[in-house]
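One file, data-v2.txt, is given below (compact mmCIF, N, CA and C atoms).
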# COMPACT_ATOMS: atom_id res chain seq x y z
N MET D 1 -32.15 26.82 -7.41
CA MET D 1 -33.46 26.32 -7.75
C MET D 1 -34.28 26.02 -6.49
N GLN D 2 -33.64 25.38 -5.48
CA GLN D 2 -34.37 25.04 -4.26
C GLN D 2 -34.80 26.29 -3.50
N ALA D 3 -33.96 27.32 -3.48
CA ALA D 3 -34.36 28.55 -2.79
C ALA D 3 -35.59 29.14 -3.47
N ASP D 4 -35.58 29.18 -4.78
CA ASP D 4 -36.71 29.72 -5.54
C ASP D 4 -37.97 28.89 -5.30
N LEU D 5 -37.85 27.57 -5.40
CA LEU D 5 -39.01 26.70 -5.16
C LEU D 5 -39.54 26.86 -3.73
N ALA D 6 -38.63 26.92 -2.77
CA ALA D 6 -39.05 27.04 -1.37
C ALA D 6 -39.77 28.35 -1.11
N LEU D 7 -39.32 29.42 -1.73
CA LEU D 7 -39.99 30.71 -1.54
C LEU D 7 -41.37 30.73 -2.19
N LYS D 8 -41.49 30.05 -3.32
CA LYS D 8 -42.77 30.06 -4.05
C LYS D 8 -43.76 29.02 -3.54
N PHE D 9 -43.26 27.84 -3.13
CA PHE D 9 -44.17 26.73 -2.82
C PHE D 9 -44.00 26.14 -1.42
N GLY D 10 -43.06 26.65 -0.66
CA GLY D 10 -42.84 26.14 0.70
C GLY D 10 -41.68 25.17 0.77
N LEU D 11 -41.14 25.03 1.97
CA LEU D 11 -39.96 24.20 2.19
C LEU D 11 -40.22 22.72 1.93
N ASN D 12 -41.34 22.21 2.42
CA ASN D 12 -41.60 20.79 2.30
C ASN D 12 -41.80 20.35 0.86
N LEU D 13 -42.56 21.11 0.12
CA LEU D 13 -42.80 20.75 -1.28
C LEU D 13 -41.53 20.88 -2.11
N SER D 14 -40.73 21.89 -1.83
CA SER D 14 -39.47 22.03 -2.58
C SER D 14 -38.53 20.88 -2.26
N GLU D 15 -38.49 20.45 -0.99
CA GLU D 15 -37.65 19.32 -0.62
C GLU D 15 -38.14 18.04 -1.30
N TYR D 16 -39.43 17.84 -1.28
CA TYR D 16 -39.99 16.65 -1.94
C TYR D 16 -39.65 16.65 -3.43
N ALA D 17 -39.86 17.78 -4.09
CA ALA D 17 -39.59 17.86 -5.53
C ALA D 17 -38.12 17.62 -5.84
N GLY D 18 -37.24 18.21 -5.03
CA GLY D 18 -35.81 18.01 -5.25
C GLY D 18 -35.39 16.57 -5.04
N ASN D 19 -35.87 15.95 -3.96
CA ASN D 19 -35.53 14.56 -3.69
C ASN D 19 -36.14 13.63 -4.73
N TYR D 20 -37.35 13.91 -5.15
CA TYR D 20 -37.99 13.10 -6.19
C TYR D 20 -37.16 13.14 -7.46
N HIS D 21 -36.74 14.34 -7.82
CA HIS D 21 -35.91 14.49 -9.03
C HIS D 21 -34.62 13.68 -8.90
N GLU D 22 -33.93 13.83 -7.78
CA GLU D 22 -32.66 13.11 -7.60
C GLU D 22 -32.87 11.60 -7.56
N ASP D 23 -33.90 11.15 -6.89
CA ASP D 23 -34.16 9.71 -6.76
C ASP D 23 -34.60 9.08 -8.08
N SER D 24 -35.15 9.89 -8.98
CA SER D 24 -35.65 9.34 -10.24
C SER D 24 -34.58 9.31 -11.35
N LEU D 25 -33.44 9.94 -11.11
CA LEU D 25 -32.38 9.93 -12.12
C LEU D 25 -31.75 8.55 -12.22
N LYS D 26 -31.64 8.05 -13.43
CA LYS D 26 -31.00 6.75 -13.63
C LYS D 26 -29.52 6.97 -13.88
N ASN D 27 -28.72 6.05 -13.39
CA ASN D 27 -27.26 6.10 -13.59
C ASN D 27 -26.62 7.34 -12.99
N ASN D 28 -27.26 7.93 -11.99
CA ASN D 28 -26.69 9.09 -11.30
C ASN D 28 -25.73 8.57 -10.23
N PRO D 29 -24.44 8.87 -10.36
CA PRO D 29 -23.50 8.39 -9.34
C PRO D 29 -23.90 8.87 -7.94
N PRO D 30 -23.75 8.05 -6.92
CA PRO D 30 -24.17 8.45 -5.57
C PRO D 30 -23.46 9.70 -5.08
N GLN D 31 -22.24 9.94 -5.53
CA GLN D 31 -21.52 11.15 -5.11
C GLN D 31 -22.21 12.40 -5.66
N GLU D 32 -22.72 12.31 -6.89
CA GLU D 32 -23.42 13.46 -7.48
C GLU D 32 -24.78 13.66 -6.81
N GLU D 33 -25.45 12.54 -6.51
CA GLU D 33 -26.72 12.65 -5.79
C GLU D 33 -26.50 13.31 -4.44
N ASN D 34 -25.46 12.89 -3.74
CA ASN D 34 -25.13 13.49 -2.44
C ASN D 34 -24.87 14.99 -2.59
N MET D 35 -24.09 15.37 -3.60
CA MET D 35 -23.78 16.78 -3.83
C MET D 35 -25.07 17.57 -4.10
N ASP D 36 -25.93 17.02 -4.97
CA ASP D 36 -27.16 17.73 -5.31
C ASP D 36 -28.07 17.89 -4.10
N LYS D 37 -28.21 16.82 -3.31
CA LYS D 37 -29.08 16.92 -2.13
C LYS D 37 -28.47 17.86 -1.09
N TRP D 38 -27.14 17.83 -0.95
CA TRP D 38 -26.45 18.75 -0.03
C TRP D 38 -26.72 20.20 -0.44
N ASN D 39 -26.49 20.50 -1.70
CA ASN D 39 -26.67 21.87 -2.19
C ASN D 39 -28.14 22.27 -2.18
N ASN D 40 -29.05 21.33 -2.43
CA ASN D 40 -30.48 21.64 -2.33
C ASN D 40 -30.85 22.03 -0.90
N TYR D 41 -30.26 21.32 0.07
CA TYR D 41 -30.48 21.66 1.48
C TYR D 41 -30.10 23.13 1.73
N TRP D 42 -28.93 23.53 1.23
CA TRP D 42 -28.49 24.91 1.45
C TRP D 42 -29.35 25.90 0.70
N GLY D 43 -29.92 25.48 -0.44
CA GLY D 43 -30.87 26.35 -1.14
C GLY D 43 -32.09 26.63 -0.29
N ARG D 44 -32.59 25.60 0.38
CA ARG D 44 -33.74 25.80 1.27
C ARG D 44 -33.37 26.67 2.47
N GLU D 45 -32.13 26.52 2.95
CA GLU D 45 -31.67 27.38 4.05
C GLU D 45 -31.61 28.85 3.59
N ILE D 46 -31.22 29.06 2.35
CA ILE D 46 -31.21 30.42 1.79
C ILE D 46 -32.63 30.98 1.80
N ALA D 47 -33.60 30.17 1.39
CA ALA D 47 -35.00 30.62 1.41
C ALA D 47 -35.43 31.01 2.82
N LYS D 48 -35.04 30.21 3.81
CA LYS D 48 -35.37 30.54 5.20
C LYS D 48 -34.79 31.88 5.61
N SER D 49 -33.53 32.12 5.23
CA SER D 49 -32.90 33.39 5.61
C SER D 49 -33.57 34.57 4.92
N ILE D 50 -33.99 34.39 3.67
CA ILE D 50 -34.69 35.46 2.95
C ILE D 50 -36.01 35.76 3.63
N ARG D 51 -36.72 34.72 4.06
CA ARG D 51 -38.00 34.93 4.74
C ARG D 51 -37.83 35.67 6.07
N LYS D 52 -36.66 35.53 6.69
CA LYS D 52 -36.39 36.26 7.92
C LYS D 52 -36.03 37.72 7.63
N GLU D 53 -35.38 37.96 6.49
CA GLU D 53 -34.93 39.31 6.15
C GLU D 53 -36.03 40.20 5.59
N TYR D 54 -36.98 39.58 4.91
CA TYR D 54 -38.02 40.35 4.22
C TYR D 54 -39.40 39.87 4.66
N ASN D 55 -40.36 40.78 4.66
CA ASN D 55 -41.72 40.37 5.00
C ASN D 55 -42.36 39.69 3.78
N PRO D 56 -43.46 38.97 3.98
CA PRO D 56 -44.06 38.21 2.87
C PRO D 56 -44.43 39.03 1.65
N ILE D 57 -44.89 40.26 1.87
CA ILE D 57 -45.26 41.12 0.73
C ILE D 57 -44.02 41.47 -0.08
N GLN D 58 -42.91 41.79 0.62
CA GLN D 58 -41.67 42.11 -0.08
C GLN D 58 -41.18 40.90 -0.89
N VAL D 59 -41.28 39.72 -0.31
CA VAL D 59 -40.84 38.51 -1.01
C VAL D 59 -41.64 38.33 -2.30
N ILE D 60 -42.95 38.46 -2.20
CA ILE D 60 -43.81 38.30 -3.39
C ILE D 60 -43.48 39.35 -4.43
N MET D 61 -43.31 40.60 -4.00
CA MET D 61 -43.01 41.68 -4.94
C MET D 61 -41.67 41.42 -5.66
N MET D 62 -40.67 40.97 -4.89
CA MET D 62 -39.35 40.74 -5.49
C MET D 62 -39.36 39.51 -6.39
N ILE D 63 -40.18 38.52 -6.09
CA ILE D 63 -40.32 37.38 -7.01
C ILE D 63 -40.94 37.88 -8.30
N ASN D 64 -41.98 38.68 -8.20
CA ASN D 64 -42.70 39.16 -9.38
C ASN D 64 -41.87 40.12 -10.24
N ASN D 65 -41.03 40.95 -9.63
CA ASN D 65 -40.26 41.90 -10.43
C ASN D 65 -38.87 41.38 -10.80
N GLY D 66 -38.55 40.15 -10.40
CA GLY D 66 -37.29 39.53 -10.80
C GLY D 66 -36.11 39.82 -9.90
N LYS D 67 -36.29 40.68 -8.90
CA LYS D 67 -35.17 41.02 -8.01
C LYS D 67 -34.77 39.85 -7.10
N MET D 68 -35.71 38.95 -6.85
CA MET D 68 -35.41 37.83 -5.98
C MET D 68 -34.33 36.93 -6.57
N ASP D 69 -34.31 36.81 -7.88
CA ASP D 69 -33.26 36.00 -8.53
C ASP D 69 -31.88 36.53 -8.18
N ASP D 70 -31.73 37.86 -8.16
CA ASP D 70 -30.44 38.47 -7.81
C ASP D 70 -30.08 38.23 -6.35
N ILE D 71 -31.08 38.33 -5.48
CA ILE D 71 -30.84 38.11 -4.05
C ILE D 71 -30.41 36.67 -3.81
N ILE D 72 -31.12 35.73 -4.43
CA ILE D 72 -30.76 34.31 -4.30
C ILE D 72 -29.35 34.08 -4.84
N ALA D 73 -29.05 34.63 -6.01
CA ALA D 73 -27.73 34.43 -6.62
C ALA D 73 -26.61 34.95 -5.71
N GLU D 74 -26.82 36.11 -5.10
CA GLU D 74 -25.82 36.66 -4.19
C GLU D 74 -25.58 35.73 -3.01
N LYS D 75 -26.65 35.17 -2.47
CA LYS D 75 -26.52 34.28 -1.32
C LYS D 75 -25.86 32.95 -1.71
N VAL D 76 -26.14 32.46 -2.91
CA VAL D 76 -25.49 31.24 -3.40
C VAL D 76 -24.00 31.48 -3.58
N ILE D 77 -23.64 32.59 -4.17
CA ILE D 77 -22.22 32.93 -4.37
C ILE D 77 -21.51 33.04 -3.03
N GLU D 78 -22.17 33.66 -2.06
CA GLU D 78 -21.58 33.78 -0.72
C GLU D 78 -21.33 32.39 -0.12
N LYS D 79 -22.29 31.49 -0.26
CA LYS D 79 -22.13 30.14 0.27
C LYS D 79 -21.00 29.41 -0.47
N MET D 80 -20.87 29.64 -1.77
CA MET D 80 -19.78 29.01 -2.52
C MET D 80 -18.43 29.53 -2.02
N ARG D 81 -18.34 30.84 -1.85
CA ARG D 81 -17.09 31.44 -1.38
C ARG D 81 -16.71 30.97 0.02
N ASN D 82 -17.73 30.71 0.83
CA ASN D 82 -17.49 30.24 2.20
C ASN D 82 -17.25 28.73 2.27
N GLY D 83 -17.32 28.06 1.13
CA GLY D 83 -17.07 26.63 1.09
C GLY D 83 -18.22 25.79 1.64
N GLU D 84 -19.41 26.34 1.70
CA GLU D 84 -20.55 25.61 2.25
C GLU D 84 -21.20 24.68 1.24
N LEU D 85 -20.98 24.92 -0.05
CA LEU D 85 -21.58 24.08 -1.08
C LEU D 85 -20.57 23.07 -1.59
N ILE D 86 -21.07 21.96 -2.06
CA ILE D 86 -20.20 20.95 -2.67
C ILE D 86 -20.11 21.26 -4.15
N THR D 87 -18.90 21.44 -4.65
CA THR D 87 -18.70 21.74 -6.06
C THR D 87 -17.99 20.61 -6.80
N ASN D 88 -17.37 19.72 -6.08
CA ASN D 88 -16.73 18.55 -6.69
C ASN D 88 -17.19 17.31 -5.92
N PRO D 89 -18.15 16.58 -6.48
CA PRO D 89 -18.74 15.47 -5.72
C PRO D 89 -17.79 14.31 -5.45
N PHE D 90 -16.72 14.21 -6.21
CA PHE D 90 -15.82 13.07 -6.06
C PHE D 90 -14.66 13.36 -5.10
N LYS D 91 -14.44 14.61 -4.78
CA LYS D 91 -13.39 14.97 -3.82
C LYS D 91 -13.95 15.39 -2.47
N ASP D 92 -15.12 15.97 -2.47
CA ASP D 92 -15.74 16.46 -1.24
C ASP D 92 -16.54 15.32 -0.62
N LYS D 93 -16.20 14.94 0.59
CA LYS D 93 -16.82 13.77 1.22
C LYS D 93 -17.88 14.12 2.26
N ARG D 94 -18.30 15.39 2.35
CA ARG D 94 -19.37 15.71 3.29
C ARG D 94 -20.63 14.93 2.89
N SER D 95 -21.38 14.49 3.88
CA SER D 95 -22.52 13.62 3.63
C SER D 95 -23.84 14.32 3.94
N TYR D 96 -24.70 14.38 2.94
CA TYR D 96 -26.04 14.95 3.13
C TYR D 96 -26.82 14.15 4.17
N GLN D 97 -26.77 12.83 4.06
CA GLN D 97 -27.53 11.97 4.96
C GLN D 97 -27.14 12.23 6.41
N LYS D 98 -25.85 12.39 6.66
CA LYS D 98 -25.41 12.65 8.03
C LYS D 98 -25.81 14.06 8.47
N LYS D 99 -25.82 15.01 7.56
CA LYS D 99 -26.21 16.37 7.90
C LYS D 99 -27.65 16.42 8.37
N ILE D 100 -28.55 15.78 7.63
CA ILE D 100 -29.97 15.87 8.00
C ILE D 100 -30.30 15.02 9.22
N ASN D 101 -29.46 14.01 9.50
CA ASN D 101 -29.70 13.18 10.67
C ASN D 101 -29.05 13.76 11.92
N GLY D 102 -28.38 14.90 11.79
CA GLY D 102 -27.88 15.60 12.95
C GLY D 102 -26.51 15.20 13.44
N TYR D 103 -25.74 14.48 12.65
CA TYR D 103 -24.40 14.16 13.13
C TYR D 103 -23.33 14.43 12.10
N GLU D 104 -23.54 15.48 11.30
CA GLU D 104 -22.50 15.95 10.38
C GLU D 104 -21.46 16.69 11.20
N THR D 105 -20.22 16.31 11.06
CA THR D 105 -19.16 16.93 11.85
C THR D 105 -18.41 17.99 11.08
N GLY D 106 -18.54 17.98 9.76
CA GLY D 106 -17.74 18.88 8.95
C GLY D 106 -16.45 18.24 8.49
N TYR D 107 -16.13 17.07 9.07
CA TYR D 107 -14.94 16.34 8.64
C TYR D 107 -15.28 15.45 7.46
N ALA D 108 -14.30 15.16 6.65
CA ALA D 108 -14.52 14.32 5.48
C ALA D 108 -14.93 12.91 5.92
N VAL D 109 -15.96 12.40 5.26
CA VAL D 109 -16.42 11.03 5.51
C VAL D 109 -16.72 10.38 4.17
N ASP D 110 -16.79 9.08 4.15
CA ASP D 110 -17.10 8.39 2.91
C ASP D 110 -18.56 8.60 2.55
N VAL D 111 -18.80 8.80 1.26
CA VAL D 111 -20.16 8.90 0.75
C VAL D 111 -20.61 7.48 0.43
N PRO D 112 -21.83 7.10 0.80
CA PRO D 112 -22.27 5.73 0.53
C PRO D 112 -22.28 5.43 -0.96
N ASN D 113 -22.02 4.19 -1.32
CA ASN D 113 -22.01 3.80 -2.72
C ASN D 113 -23.41 3.58 -3.26
N GLU D 114 -24.37 3.32 -2.40
CA GLU D 114 -25.74 3.11 -2.87
C GLU D 114 -26.46 4.45 -2.92
N LYS D 115 -27.58 4.48 -3.65
CA LYS D 115 -28.37 5.71 -3.75
C LYS D 115 -28.93 6.08 -2.39
N ILE D 116 -29.01 7.37 -2.15
CA ILE D 116 -29.59 7.88 -0.91
C ILE D 116 -31.09 8.04 -1.16
N LEU D 117 -31.90 7.26 -0.48
CA LEU D 117 -33.34 7.36 -0.65
C LEU D 117 -33.96 7.94 0.60
N LEU D 118 -34.74 8.97 0.39
CA LEU D 118 -35.44 9.61 1.50
C LEU D 118 -36.93 9.52 1.22
N PRO D 119 -37.55 8.44 1.65
CA PRO D 119 -38.96 8.26 1.32
C PRO D 119 -39.84 9.31 1.99
N LYS D 120 -40.59 9.99 1.18
CA LYS D 120 -41.56 10.96 1.69
C LYS D 120 -42.79 10.86 0.80
N LYS D 121 -43.92 10.96 1.41
CA LYS D 121 -45.15 10.91 0.64
C LYS D 121 -45.54 12.32 0.24
N LEU D 122 -45.96 12.47 -1.00
CA LEU D 122 -46.40 13.78 -1.48
C LEU D 122 -47.52 14.31 -0.60
N GLU D 123 -48.43 13.44 -0.19
CA GLU D 123 -49.54 13.86 0.65
C GLU D 123 -49.04 14.52 1.94
N GLU D 124 -48.02 13.93 2.58
CA GLU D 124 -47.47 14.50 3.82
C GLU D 124 -46.91 15.90 3.56
N CYS D 125 -46.17 16.02 2.46
CA CYS D 125 -45.57 17.33 2.14
C CYS D 125 -46.64 18.37 1.88
N LEU D 126 -47.65 17.98 1.13
CA LEU D 126 -48.72 18.94 0.81
C LEU D 126 -49.48 19.35 2.06
N LEU D 127 -49.77 18.39 2.94
CA LEU D 127 -50.50 18.71 4.15
C LEU D 127 -49.72 19.65 5.06
N LYS D 128 -48.39 19.52 5.09
CA LYS D 128 -47.58 20.39 5.92
C LYS D 128 -47.59 21.82 5.38
N ASN D 129 -47.85 21.98 4.08
CA ASN D 129 -47.84 23.31 3.47
C ASN D 129 -49.20 23.99 3.49
N LEU D 130 -50.22 23.29 3.95
CA LEU D 130 -51.56 23.90 3.98
C LEU D 130 -51.74 24.78 5.18

Conversion result in structure tokens:
Amino acid sequence: MQADLALKFGLNLSEYAGNYHEDSLKNNPPQEENMDKWNNYWGREIAKSIRKEYNPIQVIMMINNGKMDDIIAEKVIEKMRNGELITNPFKDKRSYQKKINGYETGYAVDVPNEKILLPKKLEECLLKNL
């Protein structure tokens, strides 16, 4: 979903929408929130790689004819096979917060028990996409 949103609306808006969705869920265990934000991050990275592989016209054409869904799916499956995505939030201890702050080591760490809040203003995200 994040790859698709990022290709259609830009990285900042897709990140804002994904974080807003995760932050607004009630009774969402912090481990699941961490997993969703981690995987959303990789979805945006997929969008970046697609933008490097294809020119903007090709991206638009493939979105319109439905081929982009297949390209995104292939890249998601590749990331799953490579172990880059979190598929079990209660066993996988990689931390989204540490990844975005630049000190993710790849080693298992405890996921915080409180919700991960990443305050961003919609206005900031929209302005970055203009």

Report, in Å to a single decimal, how far apart atom C of D:Gly83 and atom C of D:Val59 are.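 Answer for the atom C of D:Val59 to atom C of D:Gly83 separation: 26.9 Å.
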
Which of D:Glu45, D:Asp92, D:Glu22, D:Asp36 sits closest to D:Leu7 [using only C-alpha atoms]: D:Glu45

What does the structure give for the distance between atom CA of D:Met35 and atom CA of D:Arg51, in Å to one decimal?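 Interatomic distance, atom CA of D:Met35 to atom CA of D:Arg51: 24.6 Å.
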
Write out as a PyMOL selection string the set of residues from stretch 37-88 of chain D that DSSP, computed on the backbone, places in helix (DSSP H, G or I). chain D and resi 37-53+56-65+67-81

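Nearest to D:Ala47 of all the residues D:Ser24, D:Gln2, D:Asn34, D:Asn82 is D:Gln2, counting only N, CA and C atoms.
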
So the first atom is atom CA of D:Ala17 and the second is atom N of D:Ile71; what is the distance between them in Å, to one decimal place?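 According to the coordinates, atom CA of D:Ala17 and atom N of D:Ile71 are separated by 22.2 Å.
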
Do you know which residues are at most 7 Å from stretch 85-91 of chain D counting all atoms listed in the file, after dropping those on the same chain fewer than 4 positions away, and could you put them as a PyMOL selection string? chain D and resi 31-32+34-35+38-39+79-81

For D:Glu15, which of D:Arg94, D:Arg44, D:Lys52, D:Lys67 is the closest residue, counting only N, CA and C atoms?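 Going through D:Arg94, D:Arg44, D:Lys52, D:Lys67 one by one, the smallest distance to D:Glu15 is for D:Arg44.
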
Leaving out D:Leu5 and any residue of its chain fewer than 3 positions from it, which residues lie within 12 Å of it when counting only C-alpha atoms, given as a VMD selection string? chain D and resid 1 to 2 8 to 18 40 to 41 43 to 48 63 68 to 69 72

Let's have the selection written as a short mmCIF file (atom, residue, chain, number, x, y, z; two decimals), keeping the file's coordinate frame, with N, CA and C atoms.
data_model
loop_
_atom_site.label_atom_id
_atom_site.label_comp_id
_atom_site.auth_asym_id
_atom_site.auth_seq_id
_atom_site.Cartn_x
_atom_site.Cartn_y
_atom_site.Cartn_z
N MET D 1 -32.15 26.82 -7.41
CA MET D 1 -33.46 26.32 -7.75
C MET D 1 -34.28 26.02 -6.49
N GLN D 2 -33.64 25.38 -5.48
CA GLN D 2 -34.37 25.04 -4.26
C GLN D 2 -34.80 26.29 -3.50
N LYS D 8 -41.49 30.05 -3.32
CA LYS D 8 -42.77 30.06 -4.05
C LYS D 8 -43.76 29.02 -3.54
N PHE D 9 -43.26 27.84 -3.13
CA PHE D 9 -44.17 26.73 -2.82
C PHE D 9 -44.00 26.14 -1.42
N GLY D 10 -43.06 26.65 -0.66
CA GLY D 10 -42.84 26.14 0.70
C GLY D 10 -41.68 25.17 0.77
N LEU D 11 -41.14 25.03 1.97
CA LEU D 11 -39.96 24.20 2.19
C LEU D 11 -40.22 22.72 1.93
N ASN D 12 -41.34 22.21 2.42
CA ASN D 12 -41.60 20.79 2.30
C ASN D 12 -41.80 20.35 0.86
N LEU D 13 -42.56 21.11 0.12
CA LEU D 13 -42.80 20.75 -1.28
C LEU D 13 -41.53 20.88 -2.11
N SER D 14 -40.73 21.89 -1.83
CA SER D 14 -39.47 22.03 -2.58
C SER D 14 -38.53 20.88 -2.26
N GLU D 15 -38.49 20.45 -0.99
CA GLU D 15 -37.65 19.32 -0.62
C GLU D 15 -38.14 18.04 -1.30
N TYR D 16 -39.43 17.84 -1.28
CA TYR D 16 -39.99 16.65 -1.94
C TYR D 16 -39.65 16.65 -3.43
N ALA D 17 -39.86 17.78 -4.09
CA ALA D 17 -39.59 17.86 -5.53
C ALA D 17 -38.12 17.62 -5.84
N GLY D 18 -37.24 18.21 -5.03
CA GLY D 18 -35.81 18.01 -5.25
C GLY D 18 -35.39 16.57 -5.04
N ASN D 40 -29.05 21.33 -2.43
CA ASN D 40 -30.48 21.64 -2.33
C ASN D 40 -30.85 22.03 -0.90
N TYR D 41 -30.26 21.32 0.07
CA TYR D 41 -30.48 21.66 1.48
C TYR D 41 -30.10 23.13 1.73
N GLY D 43 -29.92 25.48 -0.44
CA GLY D 43 -30.87 26.35 -1.14
C GLY D 43 -32.09 26.63 -0.29
N ARG D 44 -32.59 25.60 0.38
CA ARG D 44 -33.74 25.80 1.27
C ARG D 44 -33.37 26.67 2.47
N GLU D 45 -32.13 26.52 2.95
CA GLU D 45 -31.67 27.38 4.05
C GLU D 45 -31.61 28.85 3.59
N ILE D 46 -31.22 29.06 2.35
CA ILE D 46 -31.21 30.42 1.79
C ILE D 46 -32.63 30.98 1.80
N ALA D 47 -33.60 30.17 1.39
CA ALA D 47 -35.00 30.62 1.41
C ALA D 47 -35.43 31.01 2.82
N LYS D 48 -35.04 30.21 3.81
CA LYS D 48 -35.37 30.54 5.20
C LYS D 48 -34.79 31.88 5.61
N ILE D 63 -40.18 38.52 -6.09
CA ILE D 63 -40.32 37.38 -7.01
C ILE D 63 -40.94 37.88 -8.30
N MET D 68 -35.71 38.95 -6.85
CA MET D 68 -35.41 37.83 -5.98
C MET D 68 -34.33 36.93 -6.57
N ASP D 69 -34.31 36.81 -7.88
CA ASP D 69 -33.26 36.00 -8.53
C ASP D 69 -31.88 36.53 -8.18
N ILE D 72 -31.12 35.73 -4.43
CA ILE D 72 -30.76 34.31 -4.30
C ILE D 72 -29.35 34.08 -4.84
#
